[in-house]
Amino acid sequence: MSADYEDQTDFENADRGFLGSIDPMVIKADDGRVVWDMEWGFVDGECPSTVNPSLWRQAKLTAKHGLYEVTEGIYQVRGFEMSNMTLVESDNGIIVIDPLISEEVAKSAIALYRKHRGDRAVTAVIYTHAHLDHFGGVLGVVSADTDLPIIAPEHFLEHAVSENVYAGTAMLRRSYYYAAPGLPKSATGTLGIGLGAGGSTGKPGLIAPTLDITETGQEEVIDGDRIVFQNTPGTECPAEMNFYFPEKRALCMAENATHNMHNLLTLRGAQVRDPRIWSRYLAEAIELFAQKSDVAFASHHWPTWGTAKILALLTEQRDMYAYLHDQTLRLINQGYVHSEIAEIIEMPPGLENAWHAHGYYGSTNHNVKAIYQRYLGWYDGNPAHLWQHPQEAAGSRYVKAFGGVDKTVAKAKTFLDEGDLRFAAELASHAVFAEPDNAAARDLLATVLEQLGYGSENATWRNSFLSGAQELRSGTIVHTEVNSAGLAPALSITQLFDSIAIRINGPKAWADKLSIDWHITDVDQRYFMELSNGALIHFPTKAPTKADVSVSATRAQALGLVMAGVLDGISIEGDASVLTKLVGLTDEPDPDFAIVTP
């Protein structure tokens, strides 16, 4: 750690332009449920022994909340989510950039803006990219039937929906570890996620874009404001864009350059991001916009003012992703595997000295492993690792080799006492998977995970370690799922049918055959669906196809049928029992599956 703790620039920038906040900083849903709470006074003091000092510093910064002036005519609401809502004053109102996660918090944020700047109407909405914390609160700023421009990068809708449908249940369950909503906000609990203070638990929604940004250099005039766009697909999100306000000399970097090292593979799971192209788009942004900018702001954290400082930030962020990519590939081609490369790579001193290059959200260690995965996949080339036992079977064998659970736990305790927390965790985990009800094994693993969490600079690592410890001590936490019903109307027909296909219980369906001809009447599209060898096949077709049953429905009716079994207004010809049979072959996903135990 070589960054300067005496440097107060980030704190000065995080406070700059402050206009006010709400007190108490607690936001509730209509039913009285708290969906956001930023009462974080515990971070005001000196760093305690249970927190990495660098992460404590970052937590102090991300705990700041309120309305801030970025530059004349541009304002940000920060600390109302992990993400920022940016408001650009236009000829007839305001352009809203990234309306947060949930309707309730977005309403609160725009109300704070109006309290200080007047009751200006929303004239357009811009989604910088296709992650929920940048579009989910849209119904808090405009109505569902709005005819205002909704601007987003090309392919936004495809990626905004797919992540919440295909592996959504698993991602959500894993996100409870890395985001830790079940942990107390305290010096022994969560301090946010490094990228911000966390996510609200209100109602998300989605309005489809009406204006796609398809190429870099595309210019649009939105309610009198000229905006120049830079498409950056495959960076922090498969669909993402930066953009520039020439008259305001202000640059929005979306989530491509924030005040931390970002994830190349988030711990909740996602497709691996491409650091090579990420670095190149940052280089392009420098060339296109940096020299003409007086302020750069992003979808998280605080702005950077001054052309020279903007150039330094973007250059260091560019170099960071390029260095991670190139050095990982260099070592891959020397025969090193992901776990080895993650231990070998050290970041250059120039980046270690930059606070914004520290791994509060991503980390050098797991980003290196992500790059390895992107190029070579899960297998490290060692045949001994090609067909390993899964966790429970491996655990019972390790315990047998050590002479029983008691001896395994005792040996793990020895490593804990010696300060080797990583191997202590590995041995204790084997003991838990061999005997999940063994209290000594669970307690020891929880203790080790807590110590790992307390020492971690990375907020999501801390949250994961401490959430695992919490579940070991108290049992699996049954969480309330974030209600994603507001996203369902945005599903394409293919995505809708995919959501059924991934729930088919294959073995249960091996011997069954059925077929359905779908006519989606309001868009005059046909789809053929067939269950064959336990797989639900579906594809668009141009003409009616002979099937066991034919269904004619609008897109909304098809959604109601698939999601809730509603038959109102739907025309069915043929064997209607096929639909019931299909539903009977599906499994319900388990949102509370075990992670640290079998």
# chains A, B, ... in the order shown; residues from 1 in each chain; ligands from 1
>>> select_by_dssp(residues="range 104-181 of chain A", states="strand (DSSP E or B)", output="list in words")
Val122, Thr123, Ala124, Val125, Ile126, His129, Ile150, Ile151, Ala152 and Pro153 of chain A
>>> residues_around(residues="range 210-222 of chain A", least_positions_apart="6", cutoff="8 Å", atoms="only C-alpha atoms", output="PyMOL selection string")
chain A and resi 90+124+149-154+228-231
>>> residues_around(residues="range 425-432 of chain A", least_positions_apart="2", cutoff="10 Å", atoms="only C-alpha atoms", output="PyMOL selection string")
chain A and resi 391-400+402+404-413+415-416+420-423+434-449+452+472+596-598
>>> residues_around(residues="Gly182 in chain A", least_positions_apart="5", cutoff="12 Å", atoms="only C-alpha atoms", output="list in words")
Arg173, Ser175, Tyr176, Tyr177, Gly189, Thr190, Gly192, Gly198, Thr201, Asn463, Ser464, Leu466, Ser467, Gly468, Ala469, Gln470, Glu471, Ser474, Thr476, Ile477, Val478, His479 and Thr480 of chain A
>>> closest_residue(among="A:Ala488, A:Val337, A:Ala283, A:Ser571", to="His519 in chain A", atoms="only C-alpha atoms")
A:Ser571
>>> atom_distance(atom1="CA of His356 in chain A", atom2="CA of Met85 in chain A")
20.6 Å
>>> residues_around(residues="Gly359 in chain A", least_positions_apart="2", cutoff="9 Å", atoms="only C-alpha atoms", output="ChimeraX atom specification")
/A:194,260-263,356-357,361-364,457-459
>>> write_last_selection(atoms="N, CA and C atoms", output="PDB file, in the first residue's frame")
ATOM      1  N   GLY A 194     -17.900  -0.818  -2.149  1.00  0.00           N
ATOM      2  CA  GLY A 194     -16.750  -0.143  -2.756  1.00  0.00           C
ATOM      3  C   GLY A 194     -17.147   0.771  -3.890  1.00  0.00           C
ATOM      4  N   ASN A 260     -12.372   3.305  -8.474  1.00  0.00           N
ATOM      5  CA  ASN A 260     -11.841   2.019  -8.021  1.00  0.00           C
ATOM      6  C   ASN A 260     -11.540   1.140  -9.223  1.00  0.00           C
ATOM      7  N   MET A 261     -10.754   0.083  -8.988  1.00  0.00           N
ATOM      8  CA  MET A 261     -10.628  -0.953 -10.008  1.00  0.00           C
ATOM      9  C   MET A 261     -11.964  -1.673 -10.098  1.00  0.00           C
ATOM     10  N   HIS A 262     -12.466  -1.819 -11.298  1.00  0.00           N
ATOM     11  CA  HIS A 262     -13.767  -2.445 -11.482  1.00  0.00           C
ATOM     12  C   HIS A 262     -13.617  -3.957 -11.635  1.00  0.00           C
ATOM     13  N   ASN A 263     -14.761  -4.621 -11.607  1.00  0.00           N
ATOM     14  CA  ASN A 263     -14.788  -6.060 -11.857  1.00  0.00           C
ATOM     15  C   ASN A 263     -14.629  -6.372 -13.335  1.00  0.00           C
ATOM     16  N   HIS A 356      -7.783   5.574  -6.990  1.00  0.00           N
ATOM     17  CA  HIS A 356      -8.861   5.081  -7.849  1.00  0.00           C
ATOM     18  C   HIS A 356      -8.511   3.773  -8.558  1.00  0.00           C
ATOM     19  N   ALA A 357      -7.260   3.334  -8.458  1.00  0.00           N
ATOM     20  CA  ALA A 357      -6.867   2.059  -9.067  1.00  0.00           C
ATOM     21  C   ALA A 357      -6.860   0.916  -8.056  1.00  0.00           C
ATOM     22  N   TYR A 361     -13.845  -2.907  -5.393  1.00  0.00           N
ATOM     23  CA  TYR A 361     -15.008  -3.599  -5.979  1.00  0.00           C
ATOM     24  C   TYR A 361     -14.537  -4.773  -6.820  1.00  0.00           C
ATOM     25  N   GLY A 362     -13.691  -4.498  -7.805  1.00  0.00           N
ATOM     26  CA  GLY A 362     -12.938  -5.569  -8.435  1.00  0.00           C
ATOM     27  C   GLY A 362     -11.678  -5.793  -7.614  1.00  0.00           C
ATOM     28  N   SER A 363     -10.837  -6.683  -8.055  1.00  0.00           N
ATOM     29  CA  SER A 363      -9.537  -6.863  -7.404  1.00  0.00           C
ATOM     30  C   SER A 363      -8.572  -7.428  -8.429  1.00  0.00           C
ATOM     31  N   THR A 364      -7.292  -7.164  -8.219  1.00  0.00           N
ATOM     32  CA  THR A 364      -6.290  -7.753  -9.109  1.00  0.00           C
ATOM     33  C   THR A 364      -6.422  -9.265  -9.122  1.00  0.00           C
ATOM     34  N   GLU A 457      -9.235  -5.417   1.673  1.00  0.00           N
ATOM     35  CA  GLU A 457      -9.413  -4.079   1.103  1.00  0.00           C
ATOM     36  C   GLU A 457     -10.624  -4.038   0.183  1.00  0.00           C
ATOM     37  N   ASN A 458     -10.968  -5.178  -0.379  1.00  0.00           N
ATOM     38  CA  ASN A 458     -12.058  -5.269  -1.344  1.00  0.00           C
ATOM     39  C   ASN A 458     -13.383  -5.420  -0.604  1.00  0.00           C
ATOM     40  N   ALA A 459     -14.323  -4.509  -0.869  1.00  0.00           N
ATOM     41  CA  ALA A 459     -15.590  -4.515  -0.139  1.00  0.00           C
ATOM     42  C   ALA A 459     -16.419  -5.758  -0.424  1.00  0.00           C
TER      43      ALA A 459
END
